[in-house]
>>> print(open('query16.txt').read())   # compact mmCIF, C-alpha atoms
# COMPACT_ATOMS: atom_id res chain seq x y z
CA MET A 1 0.00 0.00 0.00
CA SER A 2 1.48 3.29 -1.03
CA ILE A 3 1.08 6.66 0.62
CA THR A 4 -2.03 8.48 -0.56
CA LEU A 5 -2.54 12.15 -1.27
CA GLY A 6 -4.81 12.42 1.75
CA GLN A 7 -2.14 11.26 4.18
CA TYR A 8 0.23 13.98 2.97
CA LEU A 9 -2.55 16.57 3.20
CA ILE A 10 -3.38 15.52 6.76
CA LEU A 11 0.33 15.69 7.68
CA SER A 12 0.63 19.22 6.31
CA GLY A 13 -2.64 20.21 7.99
CA ILE A 14 -1.32 18.98 11.36
CA LEU A 15 1.99 20.80 10.80
CA PHE A 16 0.05 23.98 9.95
CA ALA A 17 -1.98 23.61 13.15
CA VAL A 18 1.21 23.13 15.19
CA GLY A 19 2.71 26.29 13.69
CA LEU A 20 -0.53 28.20 14.30
CA CYS A 21 -0.57 27.04 17.92
CA GLY A 22 3.01 28.26 18.35
CA ALA A 23 2.33 31.61 16.70
CA LEU A 24 -0.78 32.18 18.84
CA THR A 25 0.41 30.99 22.23
CA ARG A 26 4.05 31.95 22.61
CA ARG A 27 4.90 35.47 23.75
CA ASN A 28 8.46 35.57 22.44
CA ALA A 29 8.42 37.32 19.06
CA ILE A 30 11.16 35.08 17.66
CA ILE A 31 9.13 31.93 18.42
CA VAL A 32 6.06 33.57 16.85
CA LEU A 33 8.16 34.02 13.68
CA MET A 34 9.27 30.37 13.93
CA GLY A 35 5.61 29.32 14.10
CA ILE A 36 4.95 31.37 10.96
CA GLU A 37 7.87 29.61 9.24
CA ILE A 38 6.35 26.23 10.18
CA MET A 39 3.03 27.31 8.64
CA PHE A 40 4.83 28.48 5.47
CA ASN A 41 6.55 25.11 5.16
CA ALA A 42 3.29 23.21 5.62
CA GLY A 43 1.73 25.27 2.82
CA ILE A 44 4.68 24.76 0.47
CA LEU A 45 4.64 21.02 1.21
CA ASN A 46 1.01 21.08 0.01
CA LEU A 47 2.09 22.60 -3.33
CA VAL A 48 4.73 19.91 -3.84
CA VAL A 49 2.32 17.12 -2.85
CA PHE A 50 -0.28 18.32 -5.36
CA TRP A 51 2.45 18.53 -8.01
CA HIS A 52 3.41 14.92 -7.29
CA TYR A 53 -0.12 13.50 -7.31
CA GLN A 54 -1.99 15.68 -9.79
CA HIS A 55 0.29 17.65 -12.15
CA PHE A 56 3.43 15.56 -12.43
CA ALA A 57 4.00 16.49 -16.08
CA THR A 58 4.09 20.25 -15.60
CA LEU A 59 6.50 22.51 -13.76
CA THR A 60 4.06 25.20 -12.58
CA PRO A 61 3.48 23.93 -8.99
CA GLN A 62 7.22 23.68 -8.40
CA MET A 63 7.66 27.24 -9.65
CA PHE A 64 4.97 28.33 -7.20
CA ALA A 65 6.86 26.54 -4.43
CA ILE A 66 10.18 28.18 -5.40
CA PHE A 67 8.65 31.67 -5.45
CA ALA A 68 6.86 31.02 -2.16
CA ILE A 69 10.16 29.95 -0.55
CA ALA A 70 11.86 33.13 -1.80
CA VAL A 71 9.06 35.36 -0.49
CA ALA A 72 9.13 33.50 2.85
CA ALA A 73 12.88 34.13 3.09
CA ALA A 74 12.34 37.87 2.49
CA GLU A 75 9.57 37.85 5.10
CA SER A 76 11.73 36.22 7.75
CA ALA A 77 14.63 38.64 7.09
CA ILE A 78 12.31 41.65 7.52
CA GLY A 79 10.58 40.08 10.53
CA LEU A 80 13.83 39.42 12.37
CA ALA A 81 15.10 42.93 11.58
CA LEU A 82 11.84 44.26 13.08
CA VAL A 83 12.36 42.08 16.17
CA ILE A 84 15.86 43.49 16.61
CA ALA A 85 14.60 47.09 16.17
CA ILE A 86 11.79 46.48 18.69
CA TYR A 87 14.25 44.93 21.11
CA ARG A 88 16.42 48.06 20.89
CA HIS A 89 13.38 50.18 21.71
CA TYR A 90 11.61 48.14 24.41
CA LYS A 91 14.56 46.02 25.68
CA SER A 92 12.25 43.02 25.31
CA VAL A 93 10.93 40.69 22.60
CA ASP A 94 7.70 39.92 24.49
CA VAL A 95 4.78 40.51 22.11
CA ASP A 96 2.49 41.34 25.06
CA GLU A 97 4.61 44.38 25.87
CA MET A 98 4.35 45.83 22.36
CA ARG A 99 1.11 47.76 22.94
CA ALA A 100 2.09 51.34 22.13
CA LEU A 101 -0.68 51.50 19.50
CA LYS A 102 -3.36 49.97 21.76
CA GLY A 103 -6.42 52.21 22.05
CA MET B 1 8.73 4.46 0.50
CA ASN B 2 6.21 3.78 3.26
CA ALA B 3 8.74 3.56 6.08
CA ALA B 4 10.53 6.67 4.81
CA PHE B 5 7.24 8.59 4.82
CA TRP B 6 6.46 7.67 8.43
CA ILE B 7 10.01 8.34 9.65
CA LEU B 8 10.14 11.74 7.92
CA SER B 9 6.66 12.62 9.15
CA ALA B 10 7.60 11.77 12.73
CA MET B 11 10.81 13.78 12.32
CA SER B 12 9.05 16.91 11.08
CA LEU B 13 6.17 16.62 13.57
CA ILE B 14 8.47 16.14 16.57
CA GLY B 15 10.71 18.96 15.33
CA ALA B 16 7.75 21.33 14.95
CA LEU B 17 6.27 20.39 18.34
CA LEU B 18 9.59 20.86 20.13
CA ALA B 19 10.28 24.12 18.28
CA ILE B 20 7.15 25.75 19.67
CA SER B 21 7.21 24.20 23.15
CA LEU B 22 10.80 24.32 24.43
CA ARG B 23 11.88 27.11 26.78
CA ASN B 24 15.46 27.61 25.59
CA LEU B 25 15.43 29.55 22.31
CA VAL B 26 18.58 27.89 20.94
CA HIS B 27 17.02 24.46 21.49
CA CYS B 28 13.93 25.74 19.67
CA VAL B 29 16.04 26.65 16.62
CA LEU B 30 17.75 23.25 16.66
CA SER B 31 14.33 21.54 16.69
CA LEU B 32 13.25 23.85 13.86
CA ILE B 33 16.27 22.60 11.86
CA LEU B 34 15.08 19.03 12.49
CA PHE B 35 11.65 20.06 11.14
CA PHE B 36 13.21 21.65 8.03
CA LEU B 37 15.28 18.49 7.43
CA GLY B 38 12.13 16.36 7.62
CA ILE B 39 10.38 18.58 5.07
CA ALA B 40 13.45 18.43 2.78
CA GLY B 41 13.36 14.64 3.04
CA HIS B 42 9.68 14.72 2.04
CA TYR B 43 10.62 16.77 -1.04
CA PHE B 44 13.25 14.19 -2.02
CA LEU B 45 10.70 11.43 -1.44
CA LEU B 46 8.23 13.25 -3.73
CA ARG B 47 10.95 13.45 -6.42
CA ALA B 48 11.28 17.23 -6.19
CA ASP B 49 15.07 17.02 -5.88
CA PHE B 50 15.75 20.68 -6.63
CA LEU B 51 13.23 21.84 -4.02
CA GLY B 52 14.80 19.55 -1.42
CA ALA B 53 18.20 21.09 -2.07
CA VAL B 54 16.68 24.58 -1.99
CA GLN B 55 14.96 23.75 1.30
CA ILE B 56 18.25 22.71 2.89
CA LEU B 57 20.19 25.67 1.47
CA ILE B 58 17.65 28.41 2.22
CA TYR B 59 15.91 27.22 5.36
CA ILE B 60 18.69 25.44 7.22
CA GLY B 61 21.53 27.47 5.74
CA ALA B 62 19.97 30.92 5.82
CA VAL B 63 16.75 31.19 7.84
CA ALA B 64 17.88 29.10 10.81
CA VAL B 65 21.20 30.96 11.01
CA LEU B 66 19.32 34.26 10.72
CA ILE B 67 17.07 33.27 13.64
CA LEU B 68 20.16 32.25 15.65
CA PHE B 69 21.71 35.68 15.00
CA ALA B 70 18.47 37.38 16.07
CA ILE B 71 18.50 35.34 19.29
CA MET B 72 22.12 36.29 19.96
CA LEU B 73 21.36 39.98 19.35
CA THR B 74 18.37 39.98 21.70
CA ARG B 75 20.21 38.46 24.67
CA ASN B 76 17.25 36.74 26.34
CA VAL B 77 18.11 33.12 25.55
CA THR B 78 15.95 31.33 28.10
CA GLY B 79 12.92 33.57 27.57
CA THR B 80 10.82 35.33 30.17
CA GLU B 81 7.86 32.96 30.14
CA GLY B 82 7.29 31.03 33.33
CA PRO B 83 5.44 27.70 33.21
CA ARG B 84 2.31 29.28 34.66
CA GLU B 85 2.25 31.94 31.95
CA LEU B 86 3.04 29.33 29.33
CA PHE B 87 -0.05 27.28 30.23
CA GLY B 88 -2.42 30.17 30.96
CA LEU B 89 -5.72 31.10 29.33
CA GLY B 90 -3.99 32.24 26.14
CA TRP B 91 -2.29 28.88 25.77
CA TRP B 92 -5.56 26.96 25.93
CA THR B 93 -7.21 29.42 23.52
CA GLY B 94 -4.37 28.98 21.01
CA LEU B 95 -4.43 25.20 21.40
CA GLY B 96 -8.20 25.15 20.85
CA THR B 97 -7.88 27.26 17.70
CA ALA B 98 -5.13 25.00 16.34
CA LEU B 99 -7.19 21.86 17.12
CA ILE B 100 -10.23 23.32 15.34
CA VAL B 101 -8.09 24.11 12.26
CA ALA B 102 -6.61 20.60 12.28
CA ALA B 103 -10.07 19.03 12.64
CA VAL B 104 -11.48 21.07 9.75
CA VAL B 105 -8.54 20.08 7.51
CA TRP B 106 -8.88 16.43 8.54
CA VAL B 107 -12.62 16.26 7.84
CA THR B 108 -12.23 18.07 4.50
CA VAL B 109 -9.44 15.77 3.33
CA ASP B 110 -11.25 12.65 4.51
CA SER B 111 -14.40 13.49 2.57
CA ALA B 112 -12.58 14.12 -0.73
CA PRO B 113 -11.61 11.50 -3.32
CA GLN B 114 -7.95 10.61 -3.03
CA ALA B 115 -5.31 9.67 -5.57
CA ALA B 116 -3.15 6.82 -4.32
CA THR B 117 -0.45 6.98 -6.97
CA ARG B 118 1.33 9.79 -8.65
CA SER B 119 -0.22 11.19 -11.78
CA PRO B 120 1.02 9.72 -15.07
CA GLY B 121 3.63 11.40 -17.22
CA GLN B 122 7.32 11.98 -17.26
CA ALA B 123 8.86 13.84 -14.34
CA VAL B 124 9.94 17.36 -15.24
CA SER B 125 11.84 18.29 -12.12
CA SER B 126 15.42 18.28 -13.34
CA VAL B 127 17.50 21.34 -12.56
CA GLU B 128 18.07 21.94 -16.27
CA GLN B 129 14.33 22.06 -17.00
CA ILE B 130 13.68 24.31 -14.00
CA GLY B 131 16.43 26.70 -15.07
CA LYS B 132 15.20 26.89 -18.66
CA SER B 133 11.63 27.42 -17.49
CA LEU B 134 12.72 30.15 -15.07
CA LEU B 135 14.40 32.08 -17.87
CA ASN B 136 11.63 31.61 -20.43
CA GLN B 137 8.10 31.28 -19.11
CA TRP B 138 8.79 32.69 -15.63
CA VAL B 139 11.31 35.40 -16.38
CA VAL B 140 9.08 38.34 -15.35
CA PRO B 141 8.18 36.86 -11.93
CA LEU B 142 11.87 36.05 -11.47
CA GLU B 143 12.88 39.66 -12.07
CA VAL B 144 10.12 40.92 -9.77
CA LEU B 145 11.38 38.48 -7.14
CA GLY B 146 14.89 39.88 -7.55
CA VAL B 147 13.57 43.40 -6.92
CA LEU B 148 11.62 42.14 -3.89
CA LEU B 149 14.68 40.45 -2.40
CA THR B 150 16.81 43.55 -2.96
CA ALA B 151 14.15 45.72 -1.33
CA ALA B 152 13.92 43.27 1.59
CA LEU B 153 17.71 43.31 2.00
CA ILE B 154 17.91 47.11 2.04
CA GLY B 155 14.81 47.36 4.24
CA ALA B 156 16.18 44.88 6.79
CA VAL B 157 19.47 46.79 7.02
CA VAL B 158 17.67 50.13 7.38
CA ILE B 159 15.28 48.83 10.05
CA ALA B 160 17.99 47.10 12.07
CA LEU B 161 20.42 50.06 11.92
CA GLU B 162 17.94 52.86 12.68
CA GLU B 163 18.89 53.45 16.31
CA VAL B 164 22.63 53.42 15.67
CA VAL B 165 22.29 56.09 13.00
CA ARG B 166 20.19 58.28 15.28
CA ARG B 167 22.67 58.00 18.17
CA ARG B 168 25.54 59.25 16.01
>>> encode(input="query16.txt", output="structure tokens")
Amino acid sequence: MSITLGQYLILSGILFAVGLCGALTRRNAIIVLMGIEIMFNAGILNLVVFWHYQHFATLTPQMFAIFAIAVAAAESAIGLALVIAIYRHYKSVDVDEMRALKG
Amino acid sequence: MNAAFWILSAMSLIGALLAISLRNLVHCVLSLILFFLGIAGHYFLLRADFLGAVQILIYIGAVAVLILFAIMLTRNVTGTEGPRELFGLGWWTGLGTALIVAAVVWVTVDSAPQAATRSPGQAVSSVEQIGKSLLNQWVVPLEVLGVLLTAALIGAVVIALEEVVRRR
């Protein structure tokens, strides 16, 4: 019995939920970014899985995955630069303490 | 194929779970590297060789090192969260949200028809084909991506250096 498409989709759904849980529950901004990275990877895994099972003869899904990886890399560079700038300002990376804009 | 799938799945799941639950930030990044390695193994298993190599180069080689540098620059390695704060009301709310998302995905996937084997046709995942395709069909998105990455590079430097410039 070989691995089905559904098993891969459930795996990436669980990984997405784990990343979401980390991004929602942790208060350290760096771990929130790590949770976002986990969600990105679960989504990109989905693209590759659909390429493997549905569109094996075309290259488009892989191109989507490559561009998504590049955009995710840019996002994480900007996010970590923001974390460093916020740390310089507040002397903390706790997301609960970043409430200067709270009404 | 089957055993490799389960081993890699366990690897990425355990890596992801440890990455969001450990207290020491450096241990979190090491678990995140385990997760990235599991995903790269999945790419190799799915015959997307180039993407597996890209995953290792970009995520383990660049993103994980970037996160390590951010941790070093922000000093607080062990974090400020006590166990009581870690398992407070917010934790249960986040866990509930994540469980609901997982349940919705599970039910949706279970109720859909599933393909057990890969779709027919010749694989087109060689590096040569990807390179040719990037410079023919996908050349405009590639250039836009280059502009985006340059802007992100400059923006990251500007954001991270702001205070130093002001002090001088």
>>> atom_distance(input="query16.txt", atom1="atom CA of Ala70 of chain B", atom2="atom CA of Ile154 of chain B")
17.1 Å
>>> atom_distance(input="query16.txt", atom1="atom CA of Leu9 of chain A", atom2="atom CA of Asn46 of chain A")
6.6 Å
>>> atom_distance(input="query16.txt", atom1="atom CA of Ser12 of chain A", atom2="atom CA of Trp91 of chain B")
21.9 Å
>>> residues_around(input="query16.txt", residues="Phe44 of chain B", least_positions_apart="4", cutoff="12 Å", atoms="all atoms listed in the file", output="MDAnalysis selection string")
(chainID A and resid 45 48:49 52) or (chainID B and resid 1 4:5 8 37:40 48:56 125)
>>> interface_residues(input="query16.txt", of="chain A", to="chain B", cutoff="6 Å", atoms="all atoms listed in the file", output="PyMOL selection string")
chain A and resi 4-6+10+13-14+17+20-22+24-25+52-54+56-57+74+78+81+85
>>> closest_residue(input="query16.txt", among="A:Val18, A:Ser2, A:Met34, A:Ile66", to="Val26 of chain B", atoms="all atoms listed in the file")
A:Met34
>>> axis_aligned_box(input="query16.txt", around="segment 102-107 of chain B", padding_each_side="4 Å", output="AutoDock Vina command-line options")
--center_x -9.6 --center_y 18.7 --center_z 10.1 --size_x 14.0 --size_y 12.8 --size_z 13.1
>>> residues_around(input="query16.txt", residues="Val93 of chain A", least_positions_apart="3", cutoff="7 Å", atoms="only C-alpha atoms", output="list in words")
Asn28, Ala29, Val83 and Tyr87 of chain A
>>> closest_residue(input="query16.txt", among="B:Ile33, B:Gly41, B:His27, B:Ile7", to="Val65 of chain B", atoms="all atoms listed in the file")
B:Ile33
>>> closest_residue(input="query16.txt", among="A:Leu33, A:Ala100, A:Ile44, A:Leu11", to="Glu75 of chain A", atoms="all atoms listed in the file")
A:Leu33
>>> residues_around(input="query16.txt", residues="Ala72 of chain A", least_positions_apart="4", cutoff="9 Å", atoms="all atoms listed in the file", output="PDB file with C-alpha atoms, in the coordinates of the input")
ATOM      1  CA  GLU A  37       7.870  29.610   9.240  1.00  0.00           C
ATOM      2  CA  PHE A  40       4.830  28.480   5.470  1.00  0.00           C
ATOM      3  CA  PHE A  67       8.650  31.670  -5.450  1.00  0.00           C
ATOM      4  CA  ALA A  68       6.860  31.020  -2.160  1.00  0.00           C
ATOM      5  CA  SER A  76      11.730  36.220   7.750  1.00  0.00           C
ATOM      6  CA  ALA A  77      14.630  38.640   7.090  1.00  0.00           C
TER       7      ALA A  77
END
